[in-house]
Amino acid sequence: VVFGLATALGAAFGPGISIAIDRIDEFQFKLPLLGDQFFNPMTGPGYFMCVNWIIYAATICFFFKEPKRSGLEELKRRETGQMDADSKKESLLDSVTSSSASQHKIILHDAETKNSLSADSSYCEEDDSSLACDSLEFSASHDEEIDAEPEEKESCCSCFKHLTRPVVICMTLVFFKRVALESIVGASPIVTKNRYGWSIEDVGALQVVNGLIIIPACLVAGYLSTKYEDRLMALCFLSVTLIGMVIMFDLSDLMNYHTSVTYNEYFMLSTGPFSYVTGSLIAFIGVEVCESFTASMMSKVVPSKMAKGTFNAGLLETLVGTGGRAMGDLFVTVMGLISIRNLLNLLILPGMGLVA
């Protein structure tokens, strides 16, 4: 929830800064080795982010210290205990099978053989007890030897060896969420400009409202997370996203195509500015809050091998999210080349299929 809240604050802060920079008059300044530079609404966001990243890098270098990850050691012990439990079950099954076979052989022998075998069995029990003691000593020292084992050599493909089905499902949710987010938010400047004639300030104001409305939604999600499972809440907010997309879908474009070059303004089933803003807010809330529960599920199912090193689950999730964003931008571009007039429906209809 805190992750989603921070994301929402950033989503609201960014467009607000763009609106503020757009109101600043253009001016010129000089930089060493680079010469004359221009600060205007096109270059201003780049300079602003450059200063932000310099501050961020300096803060990481001088003030951040890697904490001791006690949760990782607990995860290792839990996974080791599970493997030991599975091996004990297998050894117990083998011992039961061998014991039943021995009893069957004993029944077939005569009385003298039974007496000799009983003498041998007492000896075997003593031997088994010594072996049990040795196994106990081995299991007691097993945990200490885990830390002393040499770590596997890290490579760019090593994280793929430890992928499990729950991790793959969470990664798939991240990918589809990014594609849907680009269809809803990333394409909003193009859609609103061509359909409703919005300016940069109007689009920025919509993004600010999107970011601010996420804050109370994250607080509500945090309360619900204490009462319900993460997977149930993720499904619920994916349903919220689907409802928002349905509101944004323009049915009039399927019935009446060429009444206007923008949208069918006077048709009852058309998607006007109010319906678009309402559906966009609802869908954006669903996508962003679902991301919080996806991150929570990921933290619970990620193996210990993917929780450390450079090529870990965090890096893989970032790559999947970036790939989903790039795929969403490519999808918006292709749909725009097909038809700017029907771009909204061309984006929303496949997006509903991904979410559903």
# chains A, B, ... in the order shown; residues from 1 in each chain; ligands from 1
call {"tool": "residues_around", "arguments": {"residues": "segment 12-28 of chain A", "least_positions_apart": "4", "cutoff": "10 Å", "atoms": "only C-alpha atoms", "output": "PyMOL selection string"}}
result
chain A and resi 6-8+36-45+48-49+200-215
call {"tool": "residues_around", "arguments": {"residues": "Gly328 of chain A", "least_positions_apart": "4", "cutoff": "10 Å", "atoms": "only C-alpha atoms", "output": "ChimeraX atom specification"}}
result
/A:175-184,186-187,322-324,332-334,347,351
call {"tool": "closest_residue", "arguments": {"among": "A:Val185, A:Leu343, A:Val301, A:Cys236", "to": "Gly279 of chain A", "atoms": "only C-alpha atoms"}}
result
A:Val185
call {"tool": "atom_distance", "arguments": {"atom1": "atom CA of Gly286 of chain A", "atom2": "atom CA of Gly272 of chain A"}}
result
21.3 Å
call {"tool": "select_by_dssp", "arguments": {"residues": "segment 177-292 of chain A", "states": "helix (DSSP H, G or I)", "output": "PyMOL selection string"}}
result
chain A and resi 177-186+188-196+200-225+230-248+252-255+273-292
call {"tool": "atom_distance", "arguments": {"atom1": "atom CA of Val289 of chain A", "atom2": "atom CA of Ala221 of chain A"}}
result
7.1 Å
call {"tool": "closest_residue", "arguments": {"among": "A:Gly353, A:Ser260, A:Pro303, A:Ala11", "to": "Pro166 of chain A", "atoms": "only C-alpha atoms"}}
result
A:Pro303
call {"tool": "residues_around", "arguments": {"residues": "Met298 of chain A", "least_positions_apart": "4", "cutoff": "7 Å", "atoms": "only C-alpha atoms", "output": "list of chain:residue names"}}
result
A:Val167, A:Cys170, A:Thr294, A:Val302
call {"tool": "residues_around", "arguments": {"residues": "Val220 of chain A", "least_positions_apart": "2", "cutoff": "12 Å", "atoms": "only C-alpha atoms", "output": "ChimeraX atom specification"}}
result
/A:1-2,4-5,213-218,222-227,233,237,285,289
call {"tool": "closest_residue", "arguments": {"among": "A:Ile348, A:Gly321, A:Ser339, A:Tyr266", "to": "Thr172 of chain A", "atoms": "only C-alpha atoms"}}
result
A:Gly321
call {"tool": "atom_distance", "arguments": {"atom1": "atom CA of Gly197 of chain A", "atom2": "atom CA of Thr262 of chain A"}}
result
8.7 Å
call {"tool": "decode", "arguments": {"residues": "segment 293-349 of chain A", "atoms": "C-alpha atoms", "output": "PDB file, in the first residue's frame"}}
result
ATOM      1  CA  PHE A 293      -1.332  -6.189  -4.100  1.00  0.00           C
ATOM      2  CA  THR A 294       0.759  -7.670  -6.920  1.00  0.00           C
ATOM      3  CA  ALA A 295       3.928  -6.412  -5.215  1.00  0.00           C
ATOM      4  CA  SER A 296       2.711  -7.897  -1.923  1.00  0.00           C
ATOM      5  CA  MET A 297       2.087 -11.277  -3.548  1.00  0.00           C
ATOM      6  CA  MET A 298       5.480 -11.156  -5.221  1.00  0.00           C
ATOM      7  CA  SER A 299       7.244 -10.598  -1.896  1.00  0.00           C
ATOM      8  CA  LYS A 300       5.533 -13.689  -0.451  1.00  0.00           C
ATOM      9  CA  VAL A 301       6.280 -16.152  -3.247  1.00  0.00           C
ATOM     10  CA  VAL A 302       9.727 -15.107  -4.485  1.00  0.00           C
ATOM     11  CA  PRO A 303      12.411 -17.791  -3.789  1.00  0.00           C
ATOM     12  CA  SER A 304      15.453 -16.903  -1.700  1.00  0.00           C
ATOM     13  CA  LYS A 305      17.731 -17.415  -4.709  1.00  0.00           C
ATOM     14  CA  MET A 306      15.907 -14.565  -6.485  1.00  0.00           C
ATOM     15  CA  ALA A 307      15.939 -12.253  -3.469  1.00  0.00           C
ATOM     16  CA  LYS A 308      19.642 -11.398  -3.570  1.00  0.00           C
ATOM     17  CA  GLY A 309      22.367 -10.440  -5.983  1.00  0.00           C
ATOM     18  CA  THR A 310      22.222  -8.183  -9.006  1.00  0.00           C
ATOM     19  CA  PHE A 311      20.014 -10.370 -11.200  1.00  0.00           C
ATOM     20  CA  ASN A 312      17.160 -10.715  -8.713  1.00  0.00           C
ATOM     21  CA  ALA A 313      13.367 -10.602  -8.745  1.00  0.00           C
ATOM     22  CA  GLY A 314      13.356  -6.803  -8.448  1.00  0.00           C
ATOM     23  CA  LEU A 315      15.440  -6.400 -11.585  1.00  0.00           C
ATOM     24  CA  LEU A 316      13.327  -8.952 -13.444  1.00  0.00           C
ATOM     25  CA  GLU A 317      10.127  -7.171 -12.399  1.00  0.00           C
ATOM     26  CA  THR A 318      11.556  -3.848 -13.573  1.00  0.00           C
ATOM     27  CA  LEU A 319      12.476  -5.346 -16.941  1.00  0.00           C
ATOM     28  CA  VAL A 320       9.021  -6.895 -17.304  1.00  0.00           C
ATOM     29  CA  GLY A 321       7.342  -3.602 -16.360  1.00  0.00           C
ATOM     30  CA  THR A 322       9.527  -1.642 -18.794  1.00  0.00           C
ATOM     31  CA  GLY A 323       8.790  -4.176 -21.508  1.00  0.00           C
ATOM     32  CA  GLY A 324       5.068  -3.868 -20.823  1.00  0.00           C
ATOM     33  CA  ARG A 325       5.291  -0.077 -21.021  1.00  0.00           C
ATOM     34  CA  ALA A 326       7.227  -0.262 -24.299  1.00  0.00           C
ATOM     35  CA  MET A 327       4.713  -2.761 -25.684  1.00  0.00           C
ATOM     36  CA  GLY A 328       1.879  -0.454 -24.623  1.00  0.00           C
ATOM     37  CA  ASP A 329       3.491   2.531 -26.374  1.00  0.00           C
ATOM     38  CA  LEU A 330       4.023   0.449 -29.505  1.00  0.00           C
ATOM     39  CA  PHE A 331       0.403  -0.670 -29.328  1.00  0.00           C
ATOM     40  CA  VAL A 332      -0.797   2.961 -29.060  1.00  0.00           C
ATOM     41  CA  THR A 333       1.344   3.905 -32.074  1.00  0.00           C
ATOM     42  CA  VAL A 334       0.012   1.073 -34.226  1.00  0.00           C
ATOM     43  CA  MET A 335      -3.605   1.797 -33.296  1.00  0.00           C
ATOM     44  CA  GLY A 336      -3.065   5.491 -34.057  1.00  0.00           C
ATOM     45  CA  LEU A 337      -1.767   4.608 -37.510  1.00  0.00           C
ATOM     46  CA  ILE A 338      -4.893   2.533 -38.123  1.00  0.00           C
ATOM     47  CA  SER A 339      -7.362   5.283 -37.160  1.00  0.00           C
ATOM     48  CA  ILE A 340      -7.034   8.425 -35.055  1.00  0.00           C
ATOM     49  CA  ARG A 341     -10.797   8.906 -35.219  1.00  0.00           C
ATOM     50  CA  ASN A 342     -11.475   5.533 -33.542  1.00  0.00           C
ATOM     51  CA  LEU A 343      -8.319   5.439 -31.401  1.00  0.00           C
ATOM     52  CA  LEU A 344     -10.231   5.302 -28.114  1.00  0.00           C
ATOM     53  CA  ASN A 345     -12.124   2.135 -28.978  1.00  0.00           C
ATOM     54  CA  LEU A 346      -9.067   0.580 -30.622  1.00  0.00           C
ATOM     55  CA  LEU A 347      -7.209   0.961 -27.319  1.00  0.00           C
ATOM     56  CA  ILE A 348      -9.990   0.167 -24.858  1.00  0.00           C
ATOM     57  CA  LEU A 349     -11.350  -2.986 -26.512  1.00  0.00           C
TER      58      LEU A 349
END
